[in-house]
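Shown next: coords.csv, given as CSV, C-alpha atoms.
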```
chain,number,residue,atom,x,y,z
A,1,MET,CA,21.1,0.3,22.3
A,2,MET,CA,20.4,3.5,20.4
A,3,PRO,CA,22.8,4.1,17.5
A,4,ASP,CA,24.7,7.4,17.3
A,5,LEU,CA,22.7,9.4,14.7
A,6,ASP,CA,24.9,12.5,15.1
A,7,ARG,CA,23.6,15.6,13.4
A,8,TYR,CA,21.0,13.6,11.6
A,9,ALA,CA,19.1,12.5,14.7
A,10,ALA,CA,16.1,14.7,14.1
A,11,THR,CA,16.0,13.8,10.4
A,12,VAL,CA,16.1,10.0,10.9
A,13,LEU,CA,13.9,9.9,14.0
A,14,GLY,CA,11.4,12.3,12.3
A,15,ALA,CA,11.2,10.1,9.2
A,16,TYR,CA,10.7,6.9,11.3
A,17,ALA,CA,8.1,8.6,13.5
A,18,VAL,CA,6.0,9.8,10.5
A,19,THR,CA,6.1,6.4,8.9
A,20,MET,CA,5.2,4.5,12.1
A,21,ALA,CA,2.3,7.0,12.8
A,22,LEU,CA,0.9,6.7,9.3
A,23,LEU,CA,1.2,2.9,9.3
A,24,ALA,CA,-0.4,2.6,12.7
A,25,LEU,CA,-3.3,4.8,11.6
A,26,LEU,CA,-3.8,2.7,8.5
A,27,VAL,CA,-3.7,-0.6,10.3
A,28,GLY,CA,-5.9,0.7,13.1
A,29,ALA,CA,-8.5,2.2,10.8
A,30,SER,CA,-8.7,-0.9,8.7
A,31,TRP,CA,-9.2,-3.2,11.7
A,32,TRP,CA,-11.7,-0.9,13.3
A,33,ARG,CA,-13.8,-0.7,10.1
A,34,ALA,CA,-13.5,-4.5,9.7
A,35,VAL,CA,-14.7,-5.2,13.2
A,36,ARG,CA,-17.6,-2.7,12.9
A,37,VAL,CA,-18.8,-4.0,9.5
A,38,LYS,CA,-18.6,-7.7,10.7
A,39,ARG,CA,-20.7,-6.9,13.7
A,40,ARG,CA,-23.3,-5.0,11.7
A,41,LEU,CA,-23.6,-7.8,9.1
A,42,ALA,CA,-23.8,-10.5,11.9
A,43,ALA,CA,-26.6,-8.5,13.5
A,44,VAL,CA,-28.6,-8.1,10.3
A,45,GLU,CA,-28.1,-11.8,9.3
A,46,ALA,CA,-29.2,-12.9,12.8
A,47,ARG,CA,-32.3,-10.7,12.4
A,48,GLN,CA,-33.1,-12.1,9.0
A,49,GLY,CA,-31.9,-15.6,9.7
A,50,ARG,CA,-29.7,-15.7,6.5
A,51,ARG,CA,-26.1,-16.7,6.2
A,52,ASP,CA,-24.0,-17.3,3.0
A,53,GLY,CA,-20.5,-17.7,4.5
A,54,THR,CA,-19.3,-14.1,4.1
A,55,ALA,CA,-20.0,-13.0,7.7
B,1,MET,CA,-8.7,-26.3,-10.0
B,2,SER,CA,-9.2,-22.7,-11.4
B,3,LEU,CA,-8.0,-19.5,-9.9
B,4,TRP,CA,-11.3,-18.0,-10.7
B,5,ARG,CA,-13.1,-19.9,-8.0
B,6,TYR,CA,-11.6,-17.3,-5.5
B,7,ALA,CA,-13.7,-14.7,-7.4
B,8,ASN,CA,-16.7,-16.2,-5.6
B,9,PRO,CA,-17.1,-14.0,-2.5
B,10,ALA,CA,-18.0,-16.9,-0.2
B,11,GLU,CA,-14.9,-18.9,-1.4
B,12,PHE,CA,-12.7,-15.8,-1.1
B,13,MET,CA,-13.9,-15.3,2.5
B,14,ARG,CA,-13.4,-19.0,3.4
B,15,VAL,CA,-9.8,-19.1,2.1
B,16,SER,CA,-8.6,-15.7,3.1
B,17,GLY,CA,-9.7,-16.0,6.8
B,18,PRO,CA,-7.3,-18.7,7.9
B,19,VAL,CA,-4.4,-17.2,5.8
B,20,LEU,CA,-4.6,-13.8,7.5
B,21,PRO,CA,-3.0,-14.7,10.9
B,22,VAL,CA,-0.1,-16.3,9.2
B,23,LEU,CA,0.4,-13.3,7.0
B,24,TRP,CA,0.3,-10.9,9.9
B,25,GLY,CA,2.9,-13.0,11.7
B,26,LEU,CA,5.2,-13.0,8.7
B,27,THR,CA,4.6,-9.2,8.3
B,28,ALA,CA,5.6,-8.5,11.9
B,29,ALA,CA,8.6,-10.7,11.7
B,30,CYS,CA,9.9,-9.2,8.4
B,31,LEU,CA,9.3,-5.6,9.5
B,32,LEU,CA,10.9,-6.1,13.0
B,33,CYS,CA,13.9,-7.8,11.6
B,34,GLY,CA,14.3,-5.6,8.5
B,35,LEU,CA,13.8,-2.2,10.2
B,36,GLY,CA,15.5,-3.3,13.4
B,37,TRP,CA,18.6,-4.5,11.5
B,38,GLY,CA,18.6,-1.4,9.3
B,39,PHE,CA,18.1,1.1,12.1
B,40,PHE,CA,20.3,-0.4,14.8
B,41,LEU,CA,23.0,-2.6,13.1
B,42,THR,CA,24.0,-0.9,9.8
B,43,PRO,CA,27.0,1.4,9.6
B,44,ASP,CA,26.8,5.1,8.5
B,45,ASP,CA,27.2,5.9,4.8
B,46,TYR,CA,30.4,7.6,3.9
B,47,GLN,CA,28.5,10.4,2.2
B,48,GLN,CA,25.2,10.6,3.9
B,49,GLY,CA,26.2,9.6,7.5
B,50,ALA,CA,23.3,8.2,9.6
B,51,ALA,CA,20.7,9.8,7.3
B,52,VAL,CA,21.1,6.6,5.1
B,53,LYS,CA,18.9,4.8,7.7
B,54,ILE,CA,15.8,6.5,6.0
B,55,LEU,CA,16.6,4.1,3.1
B,56,PHE,CA,14.8,1.2,4.9
B,57,ILE,CA,11.5,3.0,5.0
B,58,HIS,CA,11.6,5.3,2.0
B,59,VAL,CA,12.5,2.7,-0.7
B,60,PRO,CA,10.0,0.0,0.4
B,61,ALA,CA,7.2,2.6,0.7
B,62,ALA,CA,8.0,4.1,-2.7
B,63,LEU,CA,8.1,0.6,-4.2
B,64,MET,CA,4.7,-0.3,-2.7
B,65,ALA,CA,3.2,3.0,-3.8
B,66,ILE,CA,3.9,2.1,-7.4
B,67,ASN,CA,3.1,-1.6,-7.1
B,68,ALA,CA,-0.2,-1.0,-5.3
B,69,TRP,CA,-1.4,0.9,-8.3
B,70,LEU,CA,-0.2,-1.9,-10.6
B,71,MET,CA,-2.1,-4.4,-8.5
B,72,MET,CA,-5.2,-2.2,-8.8
B,73,LEU,CA,-4.6,-2.1,-12.6
B,74,VAL,CA,-4.6,-5.9,-12.8
B,75,ALA,CA,-7.7,-6.1,-10.6
B,76,SER,CA,-9.4,-3.4,-12.8
B,77,LEU,CA,-8.6,-5.3,-15.9
B,78,VAL,CA,-10.0,-8.5,-14.4
B,79,TRP,CA,-13.2,-6.5,-13.6
B,80,PHE,CA,-13.4,-5.2,-17.2
B,81,VAL,CA,-12.9,-8.6,-18.7
B,82,ARG,CA,-14.5,-11.1,-16.3
B,83,ARG,CA,-16.8,-8.8,-14.2
B,84,HIS,CA,-15.8,-10.5,-11.0
B,85,HIS,CA,-16.9,-8.3,-8.1
B,86,VAL,CA,-14.2,-9.4,-5.7
B,87,SER,CA,-11.5,-8.0,-8.1
B,88,ALA,CA,-13.2,-4.6,-8.2
B,89,LEU,CA,-13.5,-4.6,-4.4
B,90,ALA,CA,-9.9,-5.6,-4.0
B,91,ALA,CA,-8.8,-2.6,-6.2
B,92,ARG,CA,-11.0,-0.4,-4.1
B,93,ALA,CA,-9.5,-1.9,-0.9
B,94,ALA,CA,-5.9,-1.4,-2.1
B,95,ALA,CA,-6.3,2.3,-2.9
B,96,PRO,CA,-6.0,3.8,0.6
B,97,VAL,CA,-3.1,1.5,1.3
B,98,GLY,CA,-1.3,2.7,-1.8
B,99,ALA,CA,-2.1,6.3,-1.1
B,100,THR,CA,-0.6,6.0,2.4
B,101,MET,CA,2.5,4.4,1.0
B,102,THR,CA,2.8,7.3,-1.5
B,103,VAL,CA,2.4,9.8,1.4
B,104,ILE,CA,5.1,8.0,3.4
B,105,ALA,CA,7.4,8.0,0.3
B,106,LEU,CA,6.8,11.7,-0.3
B,107,LEU,CA,7.2,12.8,3.3
B,108,THR,CA,10.3,10.6,4.1
B,109,GLY,CA,11.8,11.8,0.8
B,110,ALA,CA,11.3,15.4,1.8
B,111,ILE,CA,12.7,14.8,5.2
B,112,TRP,CA,15.7,13.0,3.7
B,113,GLY,CA,16.1,15.5,0.9
B,114,GLN,CA,16.4,18.6,3.1
B,115,PRO,CA,19.9,17.7,4.6
B,116,MET,CA,21.1,15.9,1.4
B,117,TRP,CA,19.9,18.3,-1.4
B,118,GLY,CA,19.3,21.4,0.7
B,119,THR,CA,15.6,21.5,-0.1
B,120,TRP,CA,12.5,19.7,1.0
B,121,TRP,CA,11.1,19.6,-2.5
B,122,ALA,CA,12.1,20.0,-6.2
B,123,TRP,CA,10.1,19.6,-9.4
B,124,ASP,CA,12.3,16.7,-10.3
B,125,PRO,CA,10.8,14.2,-12.8
B,126,ARG,CA,10.5,11.4,-10.3
B,127,LEU,CA,9.2,13.5,-7.5
B,128,THR,CA,6.7,15.2,-9.8
B,129,ALA,CA,5.4,11.9,-11.2
B,130,PHE,CA,5.0,10.6,-7.6
B,131,PHE,CA,3.0,13.7,-6.6
B,132,VAL,CA,0.7,13.2,-9.6
B,133,LEU,CA,0.4,9.5,-8.7
B,134,PHE,CA,-0.8,10.7,-5.2
B,135,LEU,CA,-3.4,12.9,-6.8
B,136,PHE,CA,-4.6,9.9,-8.9
B,137,TYR,CA,-5.0,7.9,-5.6
B,138,VAL,CA,-7.1,10.7,-4.1
B,139,GLY,CA,-9.2,11.0,-7.2
B,140,TYR,CA,-9.7,7.2,-7.4
B,141,ILE,CA,-10.8,7.0,-3.8
B,142,ALA,CA,-13.1,10.1,-4.2
B,143,LEU,CA,-14.7,8.6,-7.4
B,144,TRP,CA,-15.6,5.3,-5.5
B,145,GLU,CA,-17.2,7.4,-2.8
B,146,ALA,CA,-19.0,9.7,-5.2
B,147,VAL,CA,-20.9,7.1,-7.3
B,148,ASP,CA,-23.8,5.3,-5.6
B,149,GLU,CA,-24.3,2.5,-8.1
B,150,PRO,CA,-21.5,-0.1,-7.3
B,151,ASP,CA,-21.0,-1.5,-10.9
B,152,LYS,CA,-20.9,1.9,-12.4
B,153,ALA,CA,-18.4,3.1,-9.8
B,154,ALA,CA,-16.3,0.0,-10.5
B,155,ASP,CA,-16.3,0.8,-14.3
B,156,LEU,CA,-15.4,4.4,-13.8
B,157,THR,CA,-12.7,3.8,-11.3
B,158,ALA,CA,-11.2,1.0,-13.4
B,159,PHE,CA,-10.9,3.4,-16.3
B,160,LEU,CA,-9.3,6.0,-14.1
B,161,CYS,CA,-6.9,3.3,-12.9
B,162,LEU,CA,-5.9,2.6,-16.5
B,163,VAL,CA,-5.1,6.3,-17.1
B,164,GLY,CA,-3.2,6.6,-13.8
B,165,SER,CA,-1.0,3.6,-14.6
B,166,VAL,CA,0.9,5.9,-17.0
B,167,PHE,CA,2.0,7.9,-13.9
B,168,ALA,CA,2.7,4.9,-11.8
B,169,LEU,CA,5.1,3.7,-14.5
B,170,LEU,CA,6.5,7.3,-15.0
B,171,SER,CA,7.3,7.5,-11.3
B,172,ARG,CA,9.3,4.4,-11.6
B,173,TYR,CA,11.1,5.1,-14.9
B,174,ALA,CA,11.2,8.9,-15.1
B,175,VAL,CA,14.9,9.1,-14.1
B,176,PHE,CA,15.8,7.0,-17.1
B,177,PHE,CA,14.2,8.9,-20.0
B,178,TRP,CA,13.9,12.5,-18.6
B,179,ALA,CA,16.9,14.8,-17.9
B,180,ARG,CA,18.3,13.6,-14.6
B,181,GLY,CA,17.0,15.6,-11.6
B,182,LEU,CA,18.0,15.6,-8.0
B,183,HIS,CA,16.7,12.1,-7.4
B,184,GLN,CA,19.3,9.3,-7.6
B,185,GLY,CA,18.9,6.1,-9.7
B,186,PRO,CA,17.4,2.9,-8.4
B,187,SER,CA,18.7,1.5,-5.1
B,188,LEU,CA,18.2,-2.1,-6.2
B,189,SER,CA,19.3,-3.5,-9.6
B,190,LEU,CA,20.0,-6.7,-11.3
B,191,ASP,CA,23.4,-5.1,-12.0
B,192,SER,CA,25.3,-5.6,-8.7
B,193,ARG,CA,27.5,-2.5,-9.4
B,194,GLU,CA,24.4,-0.3,-9.2
B,195,ASN,CA,23.1,-1.9,-6.0
B,196,VAL,CA,23.3,-0.3,-2.5
B,197,ALA,CA,26.4,-1.4,-0.5
B,198,ASP,CA,26.3,-4.9,0.8
B,199,ALA,CA,25.8,-3.7,4.4
B,200,PHE,CA,22.5,-2.2,3.4
B,201,TYR,CA,21.3,-4.8,0.9
B,202,TRP,CA,19.8,-7.6,3.1
B,203,PRO,CA,18.1,-5.4,5.7
B,204,LEU,CA,16.6,-3.4,2.8
B,205,LEU,CA,15.3,-6.7,1.2
B,206,LEU,CA,13.8,-7.7,4.5
B,207,SER,CA,12.1,-4.3,4.9
B,208,ILE,CA,10.8,-4.5,1.4
B,209,ALA,CA,9.4,-8.0,2.1
B,210,GLY,CA,7.8,-6.6,5.3
B,211,PHE,CA,6.1,-3.8,3.4
B,212,VAL,CA,4.9,-6.2,0.6
B,213,LEU,CA,3.4,-8.5,3.3
B,214,LEU,CA,1.8,-5.6,5.1
B,215,PHE,CA,0.2,-4.5,1.9
B,216,VAL,CA,-1.1,-8.0,1.1
B,217,SER,CA,-2.5,-8.4,4.7
B,218,LEU,CA,-4.1,-5.0,4.6
B,219,VAL,CA,-5.7,-5.5,1.2
B,220,LEU,CA,-7.1,-8.9,2.3
B,221,VAL,CA,-8.6,-7.4,5.5
B,222,ARG,CA,-10.0,-4.4,3.6
B,223,THR,CA,-11.4,-6.6,0.8
B,224,ARG,CA,-13.1,-8.9,3.3
B,225,THR,CA,-14.7,-5.7,4.8
B,226,GLU,CA,-15.8,-4.6,1.3
B,227,VAL,CA,-17.3,-8.0,0.6
B,228,ARG,CA,-19.2,-7.9,3.9
B,229,LEU,CA,-20.4,-4.3,3.2
B,230,ARG,CA,-21.7,-5.4,-0.1
B,231,ARG,CA,-23.7,-8.3,1.4
B,232,LEU,CA,-24.9,-6.0,4.2
B,233,ARG,CA,-26.3,-3.5,1.6
B,234,ALA,CA,-27.9,-6.4,-0.4
B,235,LEU,CA,-29.6,-7.7,2.8
B,236,GLN,CA,-30.8,-4.2,3.8
B,237,GLU,CA,-32.2,-3.6,0.3
B,238,ALA,CA,-33.9,-7.0,0.3
B,239,ALA,CA,-35.5,-6.2,3.7
B,240,ALA,CA,-36.6,-2.8,2.5
B,241,ARG,CA,-38.3,-4.3,-0.5
B,242,ALA,CA,-40.1,-7.0,1.5
```
Mind turning the file's structure into structure tokens?
Amino acid sequence: MMPDLDRYAATVLGAYAVTMALLALLVGASWWRAVRVKRRLAAVEARQGRRDGTA
Amino acid sequence: MSLWRYANPAEFMRVSGPVLPVLWGLTAACLLCGLGWGFFLTPDDYQQGAAVKILFIHVPAALMAINAWLMMLVASLVWFVRRHHVSALAARAAAPVGATMTVIALLTGAIWGQPMWGTWWAWDPRLTAFFVLFLFYVGYIALWEAVDEPDKAADLTAFLCLVGSVFALLSRYAVFFWARGLHQGPSLSLDSRENVADAFYWPLLLSIAGFVLLFVSLVLVRTRTEVRLRRLRALQEAAARA
């Protein structure tokens, strides 16, 4: 149930929305880059036939 | 068994991989409980009304903004002294996370400050030190991107990190040794009389734990990516030479 934020509703919801958006962007960007780099490394290692445990 | 064995990239990858799902689970649990408790179940403050609920995001983000830089400082010192590449890459990986925490602290502080102080921004000692800390984060990230040679980039950014540590500490302690500005004193203290009210204390601690775990999880994910990128570049250079 939504708490009664009274005259601070825009202030509180705005602060939470900004925080959630920035955190989601940070987590999403980190995951996307991690997956992309992992795929690229796996492809290069497969092509060269080399692995050292970092892929 | 030495801690330094984790400085070996392969060992770091082997150990950090299985730890990550547990860390993400704990992060989600702490954030959901801390922020949910703080937002839905805490009472209004007698002075600030419902605006006090911003406490549960502003304080943890500000705390992590400072501590991320201090973690980068430790990693930079390890790089200077031991030349372990994983530590330099961990410092690089932490910078965007710390910068985001700083932006969150600055923005939520401005949003909170407007109804409480009647202004979005003031050149208050703590606010100013925090803004300078943000500029150091931007400079640190830009310097890593600007220098092509990885070891040289690690040296230069480690030095910048040492200089920026002054502002990281200033942003924490500015209220104590400068003339008091608009910003209040610390919300958490070993002295129970200075602490926030009991109703806010535990959800705040849970939120802080959630932000700390989120930081650790993100730094691990990003460091693993940096280690892989480093190997990818090495393989590509070896292939180009062959």
Q) What is the distance between atom CA of A:Leu41 and atom CA of B:Ser16, in Å to one decimal? A)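 Those two atoms sit 18.0 Å apart.
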Q. Any idea what the distance is between atom CA of B:Thr102 and atom CA of B:Ala62?
A.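 Atom CA of B:Ala62 lies 6.2 Å from atom CA of B:Thr102.
Atom CA of B:Ala146 lies 22.8 Å from atom CA of A:Arg40.
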Q: Residues of chain A near chain B: apply a cut-off of 6 Å, count only C-alpha atoms, and supply the list as a PyMOL selection string.
A: chain A and resi 3+5+8+12+15+19+34+41+53-54
**Q.** Within 10 Å of B:Phe215 using only C-alpha atoms, minus same-chain residues under 6 positions, as JSON, numbers by chain
**A.** {"B": [27, 64, 65, 67, 68, 94, 97, 98, 101, 209, 221]}
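Using all atoms listed in the file for every distance, the candidate list B:Leu3, B:Leu143, B:Arg126, B:Asp45 yields B:Asp45 as the residue closest to B:Asp198.
Ranking B:Val132, B:Met116, B:Val163, B:Leu89 by their shortest atom-to-atom distance to B:Trp144, with all atoms listed in the file included, puts B:Leu89 first.
Excluding B:Asp155 itself and same-chain residues fewer than 2 positions from it, the residues having an atom within 10 Å of it are Ser76, Leu77, Trp79, Phe80, Arg83, Ala88, Trp144, Pro150, Asp151, Lys152, Ala153, Thr157, Ala158, Phe159, Leu160 and Cys161 of chain B, counting all atoms listed in the file.
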Starting from the sparse input, extend stretch 19-42 of chain A to N, CA and C atoms and give the output as a PDB file, in the frame of the given file.
```pdb
ATOM      1  N   THR A  19       6.500   7.667   9.547  1.00  0.00           N
ATOM      2  CA  THR A  19       6.100   6.400   8.900  1.00  0.00           C
ATOM      3  C   THR A  19       5.344   5.510   9.877  1.00  0.00           C
ATOM      4  N   MET A  20       5.846   5.373  11.106  1.00  0.00           N
ATOM      5  CA  MET A  20       5.200   4.500  12.100  1.00  0.00           C
ATOM      6  C   MET A  20       3.765   5.038  12.399  1.00  0.00           C
ATOM      7  N   ALA A  21       3.643   6.364  12.519  1.00  0.00           N
ATOM      8  CA  ALA A  21       2.300   7.000  12.800  1.00  0.00           C
ATOM      9  C   ALA A  21       1.342   6.685  11.696  1.00  0.00           C
ATOM     10  N   LEU A  22       1.782   6.879  10.451  1.00  0.00           N
ATOM     11  CA  LEU A  22       0.900   6.700   9.300  1.00  0.00           C
ATOM     12  C   LEU A  22       0.496   5.188   9.173  1.00  0.00           C
ATOM     13  N   LEU A  23       1.477   4.294   9.371  1.00  0.00           N
ATOM     14  CA  LEU A  23       1.200   2.900   9.300  1.00  0.00           C
ATOM     15  C   LEU A  23       0.234   2.415  10.385  1.00  0.00           C
ATOM     16  N   ALA A  24       0.463   2.929  11.596  1.00  0.00           N
ATOM     17  CA  ALA A  24      -0.400   2.600  12.700  1.00  0.00           C
ATOM     18  C   ALA A  24      -1.830   3.063  12.467  1.00  0.00           C
ATOM     19  N   LEU A  25      -1.934   4.262  11.922  1.00  0.00           N
ATOM     20  CA  LEU A  25      -3.300   4.800  11.600  1.00  0.00           C
ATOM     21  C   LEU A  25      -3.972   3.968  10.557  1.00  0.00           C
ATOM     22  N   LEU A  26      -3.228   3.558   9.539  1.00  0.00           N
ATOM     23  CA  LEU A  26      -3.800   2.700   8.500  1.00  0.00           C
ATOM     24  C   LEU A  26      -4.260   1.381   8.975  1.00  0.00           C
ATOM     25  N   VAL A  27      -3.394   0.720   9.747  1.00  0.00           N
ATOM     26  CA  VAL A  27      -3.700  -0.600  10.300  1.00  0.00           C
ATOM     27  C   VAL A  27      -4.910  -0.480  11.255  1.00  0.00           C
ATOM     28  N   GLY A  28      -4.851   0.512  12.136  1.00  0.00           N
ATOM     29  CA  GLY A  28      -5.900   0.700  13.100  1.00  0.00           C
ATOM     30  C   GLY A  28      -7.252   1.000  12.467  1.00  0.00           C
ATOM     31  N   ALA A  29      -7.255   1.886  11.483  1.00  0.00           N
ATOM     32  CA  ALA A  29      -8.500   2.200  10.800  1.00  0.00           C
ATOM     33  C   ALA A  29      -9.074   1.031  10.060  1.00  0.00           C
ATOM     34  N   SER A  30      -8.197   0.237   9.438  1.00  0.00           N
ATOM     35  CA  SER A  30      -8.700  -0.900   8.700  1.00  0.00           C
ATOM     36  C   SER A  30      -9.285  -1.965   9.633  1.00  0.00           C
ATOM     37  N   TRP A  31      -8.638  -2.201  10.776  1.00  0.00           N
ATOM     38  CA  TRP A  31      -9.200  -3.200  11.700  1.00  0.00           C
ATOM     39  C   TRP A  31     -10.473  -2.695  12.341  1.00  0.00           C
ATOM     40  N   TRP A  32     -10.522  -1.414  12.702  1.00  0.00           N
ATOM     41  CA  TRP A  32     -11.700  -0.900  13.300  1.00  0.00           C
ATOM     42  C   TRP A  32     -12.915  -0.976  12.399  1.00  0.00           C
ATOM     43  N   ARG A  33     -12.693  -0.644  11.129  1.00  0.00           N
ATOM     44  CA  ARG A  33     -13.800  -0.700  10.100  1.00  0.00           C
ATOM     45  C   ARG A  33     -14.185  -2.186   9.912  1.00  0.00           C
ATOM     46  N   ALA A  34     -13.189  -3.080   9.871  1.00  0.00           N
ATOM     47  CA  ALA A  34     -13.500  -4.500   9.700  1.00  0.00           C
ATOM     48  C   ALA A  34     -14.350  -5.053  10.782  1.00  0.00           C
ATOM     49  N   VAL A  35     -13.995  -4.728  12.014  1.00  0.00           N
ATOM     50  CA  VAL A  35     -14.700  -5.200  13.200  1.00  0.00           C
ATOM     51  C   VAL A  35     -16.160  -4.666  13.179  1.00  0.00           C
ATOM     52  N   ARG A  36     -16.283  -3.370  12.895  1.00  0.00           N
ATOM     53  CA  ARG A  36     -17.600  -2.700  12.900  1.00  0.00           C
ATOM     54  C   ARG A  36     -18.530  -3.295  11.862  1.00  0.00           C
ATOM     55  N   VAL A  37     -18.015  -3.480  10.631  1.00  0.00           N
ATOM     56  CA  VAL A  37     -18.800  -4.000   9.500  1.00  0.00           C
ATOM     57  C   VAL A  37     -19.223  -5.465   9.817  1.00  0.00           C
ATOM     58  N   LYS A  38     -18.280  -6.247  10.363  1.00  0.00           N
ATOM     59  CA  LYS A  38     -18.600  -7.700  10.700  1.00  0.00           C
ATOM     60  C   LYS A  38     -19.689  -7.755  11.689  1.00  0.00           C
ATOM     61  N   ARG A  39     -19.638  -6.892  12.721  1.00  0.00           N
ATOM     62  CA  ARG A  39     -20.700  -6.900  13.700  1.00  0.00           C
ATOM     63  C   ARG A  39     -22.040  -6.506  13.147  1.00  0.00           C
ATOM     64  N   ARG A  40     -22.042  -5.484  12.298  1.00  0.00           N
ATOM     65  CA  ARG A  40     -23.300  -5.000  11.700  1.00  0.00           C
ATOM     66  C   ARG A  40     -23.914  -6.115  10.834  1.00  0.00           C
ATOM     67  N   LEU A  41     -23.058  -6.780  10.035  1.00  0.00           N
ATOM     68  CA  LEU A  41     -23.600  -7.800   9.100  1.00  0.00           C
ATOM     69  C   LEU A  41     -24.091  -9.014   9.977  1.00  0.00           C
ATOM     70  N   ALA A  42     -23.366  -9.385  11.029  1.00  0.00           N
ATOM     71  CA  ALA A  42     -23.800 -10.500  11.900  1.00  0.00           C
ATOM     72  C   ALA A  42     -25.174 -10.175  12.496  1.00  0.00           C
TER      73      ALA A  42
END
```
